[in-house]
$ cat input.pdb   # PDB, C-alpha atoms and all ligand atoms
ATOM      1  CA  MET A 639       0.000   0.000   0.000
ATOM      2  CA  TYR A 640       1.217   3.466  -0.826
ATOM      3  CA  ILE A 641       0.096   6.612   1.018
ATOM      4  CA  GLU A 642       0.150  10.151  -0.308
ATOM      5  CA  ASN A 643      -1.110  13.118   1.668
ATOM      6  CA  ILE A 644      -2.977  15.820  -0.235
ATOM      7  CA  GLU A 645      -4.841  18.949   0.803
ATOM      8  CA  ASN A 646      -7.792  17.918   2.986
ATOM      9  CA  GLY A 647      -7.212  14.309   2.201
ATOM     10  CA  ILE A 648      -5.185  11.235   1.506
ATOM     11  CA  ILE A 649      -4.616   9.021  -1.513
ATOM     12  CA  LEU A 650      -4.123   5.330  -0.812
ATOM     13  CA  THR A 651      -2.931   2.993  -3.525
ATOM     14  CA  VAL A 652      -3.915  -0.511  -2.482
ATOM     15  CA  ASP A 653      -2.791  -3.758  -4.084
ATOM     16  CA  SER A 654      -5.564  -6.184  -3.238
ATOM     17  CA  THR A 655      -9.176  -6.679  -2.180
ATOM     18  CA  ARG A 656      -7.840  -7.479   1.274
ATOM     19  CA  GLU A 657      -6.200  -4.060   1.544
ATOM     20  CA  THR A 658      -9.399  -2.291   0.487
ATOM     21  CA  LEU A 659     -11.237  -4.257   3.196
ATOM     22  CA  GLN A 660      -8.569  -3.202   5.673
ATOM     23  CA  ILE A 661      -9.003   0.485   4.766
ATOM     24  CA  GLY A 662     -12.776   0.102   5.084
ATOM     25  CA  GLU A 663     -12.336  -1.451   8.494
ATOM     26  CA  ILE A 664     -10.292   1.535   9.686
ATOM     27  CA  ILE A 665     -12.954   3.904   8.340
ATOM     28  CA  GLY A 666     -15.580   1.932  10.285
ATOM     29  CA  ARG A 667     -13.498   2.013  13.461
ATOM     30  CA  THR A 668     -12.914   5.766  13.271
ATOM     31  CA  ALA A 669     -16.483   6.647  12.212
ATOM     32  CA  GLU A 670     -18.787   8.289  14.694
ATOM     33  CA  GLN A 671     -22.516   8.782  15.100
ATOM     34  CA  GLY A 672     -23.621  10.980  12.226
ATOM     35  CA  THR A 673     -20.663  10.212   9.960
ATOM     36  CA  ILE A 674     -21.730  10.378   6.307
ATOM     37  CA  ILE A 675     -19.628   8.786   3.583
ATOM     38  CA  ALA A 676     -20.173   9.619  -0.091
ATOM     39  CA  LEU A 677     -18.676   6.821  -2.159
ATOM     40  CA  ASN A 678     -17.981   6.982  -5.897
ATOM     41  CA  GLY A 679     -16.239   4.834  -8.462
ATOM     42  CA  ASP A 680     -17.027   2.869 -11.601
ATOM     43  CA  LEU A 681     -18.808  -0.489 -11.701
ATOM     44  CA  GLY A 682     -16.610  -3.045 -10.006
ATOM     45  CA  ALA A 683     -14.242  -0.460  -8.547
ATOM     46  CA  GLY A 684     -14.670  -1.895  -5.073
ATOM     47  CA  LYS A 685     -17.267   0.315  -3.376
ATOM     48  CA  THR A 686     -19.138  -2.600  -1.847
ATOM     49  CA  VAL A 687     -15.851  -4.211  -0.799
ATOM     50  CA  LEU A 688     -15.051  -1.008   1.098
ATOM     51  CA  VAL A 689     -18.514  -1.084   2.710
ATOM     52  CA  LYS A 690     -17.895  -4.669   3.858
ATOM     53  CA  GLY A 691     -14.752  -3.394   5.594
ATOM     54  CA  ILE A 692     -16.635  -0.473   7.135
ATOM     55  CA  ALA A 693     -19.215  -2.928   8.507
ATOM     56  CA  LYS A 694     -16.457  -5.024  10.047
ATOM     57  CA  GLY A 695     -14.951  -1.908  11.655
ATOM     58  CA  LEU A 696     -18.374  -1.186  13.145
ATOM     59  CA  GLU A 697     -18.438  -4.711  14.612
ATOM     60  CA  ILE A 698     -21.330  -5.767  12.387
ATOM     61  CA  GLU A 699     -21.633  -9.527  12.022
ATOM     62  CA  GLU A 700     -23.350  -9.620   8.654
ATOM     63  CA  GLU A 701     -21.574  -8.888   5.408
ATOM     64  CA  PRO A 702     -23.185  -6.129   3.338
ATOM     65  CA  ASN A 703     -23.830  -6.784  -0.333
ATOM     66  CA  SER A 704     -25.663  -4.900  -3.068
ATOM     67  CA  PRO A 705     -28.787  -6.713  -4.160
ATOM     68  CA  THR A 706     -30.432  -5.172  -7.206
ATOM     69  CA  PHE A 707     -33.362  -2.846  -6.530
ATOM     70  CA  VAL A 708     -32.596  -2.428  -2.862
ATOM     71  CA  ILE A 709     -31.661   1.174  -2.168
ATOM     72  CA  LEU A 710     -31.168   0.971   1.585
ATOM     73  CA  GLN A 711     -30.019  -1.742   3.924
ATOM     74  CA  THR A 712     -29.590  -1.267   7.653
ATOM     75  CA  TYR A 713     -27.195  -3.197   9.857
ATOM     76  CA  SER A 714     -26.696  -2.996  13.594
ATOM     77  CA  GLY A 715     -23.300  -2.763  15.245
ATOM     78  CA  LYS A 716     -21.311  -0.346  17.387
ATOM     79  CA  HIS A 717     -23.316   2.289  15.516
ATOM     80  CA  PRO A 718     -26.077   1.376  13.067
ATOM     81  CA  LEU A 719     -24.897   1.320   9.459
ATOM     82  CA  TYR A 720     -27.168   2.689   6.739
ATOM     83  CA  HIS A 721     -25.923   1.399   3.412
ATOM     84  CA  PHE A 722     -27.467   3.193   0.450
ATOM     85  CA  ASP A 723     -26.843   2.243  -3.169
ATOM     86  CA  PHE A 724     -28.037   4.984  -5.523
ATOM     87  CA  TYR A 725     -27.140   3.159  -8.728
ATOM     88  CA  ARG A 726     -30.764   2.996  -9.780
ATOM     89  CA  LEU A 727     -31.711   6.416  -8.548
ATOM     90  CA  SER A 728     -32.522   8.830 -11.351
ATOM     91  CA  SER A 729     -33.384  11.955  -9.380
ATOM     92  CA  ALA A 730     -33.271  13.411  -5.908
ATOM     93  CA  GLY A 731     -37.092  13.387  -6.016
ATOM     94  CA  GLU A 732     -37.054   9.614  -5.625
ATOM     95  CA  LEU A 733     -35.161  10.138  -2.410
ATOM     96  CA  ASP A 734     -37.964  12.088  -0.798
ATOM     97  CA  ASP A 735     -39.949   8.866  -0.429
ATOM     98  CA  LEU A 736     -37.048   7.369   1.491
ATOM     99  CA  ASN A 737     -36.806  10.140   4.086
ATOM    100  CA  PHE A 738     -33.060   9.927   3.720
ATOM    101  CA  GLU A 739     -32.631  12.824   6.167
ATOM    102  CA  ASP A 740     -33.789  10.523   8.952
ATOM    103  CA  PHE A 741     -30.691   8.450   8.219
ATOM    104  CA  PHE A 742     -28.186  11.149   7.270
ATOM    105  CA  TYR A 743     -28.929  13.132  10.399
ATOM    106  CA  GLY A 744     -29.687  10.157  12.620
ATOM    107  CA  GLN A 745     -27.830   8.040  15.130
ATOM    108  CA  GLY A 746     -25.803   5.917  12.778
ATOM    109  CA  VAL A 747     -23.135   5.899  10.106
ATOM    110  CA  THR A 748     -24.355   6.434   6.550
ATOM    111  CA  VAL A 749     -22.496   5.207   3.495
ATOM    112  CA  VAL A 750     -23.752   5.865  -0.027
ATOM    113  CA  GLU A 751     -22.595   4.072  -3.185
ATOM    114  CA  TRP A 752     -22.985   6.130  -6.389
ATOM    115  CA  ALA A 753     -23.193   9.292  -4.300
ATOM    116  CA  GLU A 754     -22.575  11.411  -7.426
ATOM    117  CA  ARG A 755     -26.136  10.653  -8.544
ATOM    118  CA  ILE A 756     -27.338  13.154  -5.950
ATOM    119  CA  SER A 757     -24.228  14.944  -4.772
ATOM    120  CA  GLU A 758     -26.307  17.951  -3.710
ATOM    121  CA  VAL A 759     -27.774  16.194  -0.677
ATOM    122  CA  PHE A 760     -24.439  15.705   1.071
ATOM    123  CA  PRO A 761     -23.460  18.116   3.837
ATOM    124  CA  ASP A 762     -19.994  19.726   3.643
ATOM    125  CA  TYR A 763     -18.634  17.627   6.472
ATOM    126  CA  SER A 764     -19.288  14.351   4.610
ATOM    127  CA  ILE A 765     -16.318  12.082   3.969
ATOM    128  CA  LYS A 766     -15.822  11.806   0.209
ATOM    129  CA  ILE A 767     -14.251   8.684  -1.221
ATOM    130  CA  ASP A 768     -13.427   7.923  -4.842
ATOM    131  CA  ILE A 769     -12.162   4.520  -5.931
ATOM    132  CA  GLU A 770     -10.367   4.327  -9.244
ATOM    133  CA  ILE A 771      -9.103   1.343 -11.177
ATOM    134  CA  PRO A 772      -5.709   2.233 -12.638
ATOM    135  CA  ASP A 773      -5.449   2.379 -16.421
ATOM    136  CA  GLU A 774      -3.231  -0.685 -16.848
ATOM    137  CA  SER A 775      -6.300  -2.770 -16.091
ATOM    138  CA  LYS A 776      -7.688  -1.877 -19.492
ATOM    139  CA  ILE A 777      -4.641  -3.420 -21.129
ATOM    140  CA  ASP A 778      -3.675  -6.371 -18.939
ATOM    141  CA  GLY A 779      -7.095  -7.553 -17.817
ATOM    142  CA  PRO A 780      -8.204  -7.270 -14.208
ATOM    143  CA  VAL A 781      -5.649  -5.752 -11.861
ATOM    144  CA  GLN A 782      -5.839  -5.853  -8.144
ATOM    145  CA  SER A 783      -4.688  -2.331  -7.450
ATOM    146  CA  ARG A 784      -7.024   0.564  -6.716
ATOM    147  CA  ILE A 785      -6.471   4.268  -6.098
ATOM    148  CA  ILE A 786      -8.619   5.370  -3.175
ATOM    149  CA  THR A 787      -8.906   9.127  -2.660
ATOM    150  CA  ILE A 788     -10.376  10.120   0.682
ATOM    151  CA  LYS A 789     -11.313  13.649   1.704
ATOM    152  CA  GLY A 790     -12.774  14.731   4.978
ATOM    153  CA  GLU A 791     -12.625  17.100   7.870
ATOM    154  CA  GLU A 792      -9.259  17.648   9.519
ATOM    155  CA  LYS A 793     -10.145  16.076  12.856
ATOM    156  CA  TRP A 794     -11.331  12.795  11.402
ATOM    157  CA  LEU A 795      -8.551  12.711   8.800
ATOM    158  CA  LEU A 796      -5.912  12.949  11.504
ATOM    159  CA  SER A 797      -7.185   9.943  13.400
ATOM    160  CA  PHE A 798      -7.783   8.017  10.177
ATOM    161  CA  ARG A 799      -4.254   8.730   8.909
ATOM    162  CA  ASN A 800      -2.702   7.736  12.238
ATOM    163  CA  THR A 801      -4.629   4.491  12.334
ATOM    164  CA  VAL A 802      -3.657   3.619   8.752
ATOM    165  CA  GLU A 803       0.011   4.321   9.487
ATOM    166  CA  GLN A 804      -0.106   2.216  12.654
ATOM    167  CA  ALA A 805      -1.774  -0.646  10.806
ATOM    168  CA  LEU A 806       0.943  -0.573   8.152
ATOM    169  CA  GLN A 807       3.709  -0.799  10.717
ATOM    170  CA  THR A 808       2.398  -3.982  12.329
TER     171      THR A 808
HETATM  172  N1  LIG A 901      -7.934  -3.763  -4.640
HETATM  173  C1  LIG A 901      -9.210  -4.128  -4.775
HETATM  174  N2  LIG A 901     -10.145  -3.519  -4.016
HETATM  175  C2  LIG A 901     -11.451  -3.838  -4.137
HETATM  176  N3  LIG A 901     -11.931  -4.770  -4.973
HETATM  177  C3  LIG A 901     -11.047  -5.414  -5.741
HETATM  178  C4  LIG A 901      -9.651  -5.123  -5.686
HETATM  179  N4  LIG A 901      -9.005  -5.919  -6.583
HETATM  180  C5  LIG A 901      -9.951  -6.669  -7.144
HETATM  181  N5  LIG A 901     -11.182  -6.380  -6.661
HETATM  182  C6  LIG A 901     -12.429  -7.051  -7.062
HETATM  183  O1  LIG A 901     -13.255  -6.100  -7.710
HETATM  184  C7  LIG A 901     -14.625  -6.352  -7.372
HETATM  185  C8  LIG A 901     -15.246  -5.114  -6.758
HETATM  186  O2  LIG A 901     -16.612  -5.349  -6.615
HETATM  187  P1  LIG A 901     -17.593  -4.405  -5.814
HETATM  188  O3  LIG A 901     -18.917  -5.074  -5.798
HETATM  189  O4  LIG A 901     -17.029  -3.991  -4.499
HETATM  190  O5  LIG A 901     -17.629  -3.116  -6.772
HETATM  191  P2  LIG A 901     -18.608  -1.881  -6.692
HETATM  192  O6  LIG A 901     -17.764  -0.670  -6.867
HETATM  193  O7  LIG A 901     -19.452  -1.962  -5.491
HETATM  194  O8  LIG A 901     -19.482  -2.083  -8.009
HETATM  195  P3  LIG A 901     -21.016  -1.683  -8.290
HETATM  196  O9  LIG A 901     -20.971  -0.300  -8.865
HETATM  197  O10 LIG A 901     -21.460  -2.679  -9.287
HETATM  198  O11 LIG A 901     -21.783  -1.720  -7.002
HETATM  199  C9  LIG A 901     -14.647  -7.527  -6.414
HETATM  200  O12 LIG A 901     -14.868  -8.698  -7.144
HETATM  201  C10 LIG A 901     -13.235  -7.516  -5.844
HETATM  202  O13 LIG A 901     -12.783  -8.765  -5.403
HETATM  203 MG    MG A 902     -21.492  -2.026  -5.157
END
$ encode --input "input.pdb" --output "structure tokens"
Amino acid sequence: MYIENIENGIILTVDSTRETLQIGEIIGRTAEQGTIIALNGDLGAGKTVLVKGIAKGLEIEEEPNSPTFVILQTYSGKHPLYHFDFYRLSSAGELDDLNFEDFFYGQGVTVVEWAERISEVFPDYSIKIDIEIPDESKIDGPVQSRIITIKGEEKWLLSFRNTVEQALQT
């Protein structure tokens, strides 16, 4: 894994599914009540893999997945996890029926796949994560590496960065 610090964020280059899970787990461990995570990345980038890690970090027993046509799944753990997948969402209007504010501003941790579909609903303090598959994959077939760009508020970033660095040393 390779770490690069950027303004208001961090770029992690991971080499395997396991490392993405590990990063997710640290995000879950450092998340607090009310944490909102806006997750973006192409099909198969590894968004749901990251969510599985987040769930583990929140001490959730079940493993999240992304069944078609299910927009929200709730899991209970250290904090409740609200896992949204907006892939099939075409407008913010559809969200009104969901009362998403009850989740965003509730007692749990919210993570949203395909957040870009309705980027306007995310408060400024949301953690923003983009997962990118490096270009070589288009030539050599599937590669295991991913570029994960994470932006968030200073306070959370500090503890996240420290925890990642500690995990890498052990
Ligand atoms: N470094 C990596 N990190 C995450 N996933 C990886 C990595 N390398 C390979 N993969 C594989 O890529 C796939 C990612 O699938 P995943 O369902 O998490 O993608 P997704 O971004 O949620 O896609 P979708 O938009 O369809 O929901 C998995 O099969 C995973 O094993
Ligand atoms: Mg997914």
$ resolve_selection --input "input.pdb" --expression "the PyMOL selection byres (((chain A and resi 715) around 6) and not hetatm)" --output "list in words"
Leu696, Glu697, Ile698, Ser714, Lys716, His717 and Pro718 of chain A
$ closest_residue --input "input.pdb" --among "A:Gln671, A:Asn646, A:Thr686, A:Thr712" --to "ligand LIG 901 (chain A)" --atoms "all atoms listed in the file"
A:Thr686
$ residues_around --input "input.pdb" --residues "A:Lys690" --least-positions-apart "3" --cutoff "6 Å" --atoms "all atoms listed in the file" --output "list in words"
Val687, Ala693, Glu701 and Pro702 of chain A
$ resolve_selection --input "input.pdb" --expression "the PyMOL selection byres (((chain A and resi 669) around 10) and not hetatm)" --output "VMD selection string"
chain A and resid 663 to 668 670 to 675 692 695 to 696 716 to 717 746 to 748 765 794 797 to 798
$ closest_residue --input "input.pdb" --among "A:Ile756, A:Ile788, A:Leu677, A:Leu806" --to "ligand LIG 901 (chain A)" --atoms "all atoms listed in the file"
A:Leu677
$ atom_distance --input "input.pdb" --atom1 "atom CA of A:Pro772" --atom2 "atom CA of A:Asp723"
23.2 Å
$ residues_near_ligand --input "input.pdb" --ligand "ligand LIG 901 (chain A)" --cutoff "8 Å" --atoms "all atoms listed in the file" --output "NGL selection string"
:A and (652-659 or 678-689 or 703-704 or 723 or 725 or 751-752 or 769 or 780-784)
$ closest_residue --input "input.pdb" --among "A:Thr801, A:Asn737, A:Ser729, A:Leu650" --to "A:Glu754" --atoms "all atoms listed in the file"
A:Ser729
$ atom_distance --input "input.pdb" --atom1 "atom CA of A:Gly662" --atom2 "atom CA of A:Asp734"
28.5 Å
$ closest_residue --input "input.pdb" --among "A:Val749, A:Lys789, A:Leu796, A:Arg726" --to "A:Thr706" --atoms "all atoms listed in the file"
A:Arg726
$ atom_distance --input "input.pdb" --atom1 "atom CA of A:Ile649" --atom2 "atom MG of ligand MG 902 (chain A)"
20.5 Å
$ closest_residue --input "input.pdb" --among "A:Glu699, A:Ile641, A:Ala753, A:Ser728" --to "ligand MG 902 (chain A)" --atoms "only C-alpha atoms and all ligand atoms"
A:Ala753
$ resolve_selection --input "input.pdb" --expression "the PyMOL selection byres (((chain A and resi 763) around 8) and not hetatm)" --output "number ranges by chain"
A: 674, 761-762, 764-765, 790-791
$ closest_residue --input "input.pdb" --among "A:Asp768, A:Pro705, A:Asp773, A:Gln807" --to "A:Ile648" --atoms "all atoms listed in the file"
A:Asp768
$ axis_aligned_box --input "input.pdb" --around "stretch 668-674 of chain A" --padding-each-side "5 Å" --output "lines of an AutoDock Vina configuration file"
center_x = -18.3
center_y = 8.4
center_z = 10.7
size_x = 20.7
size_y = 15.2
size_z = 18.8
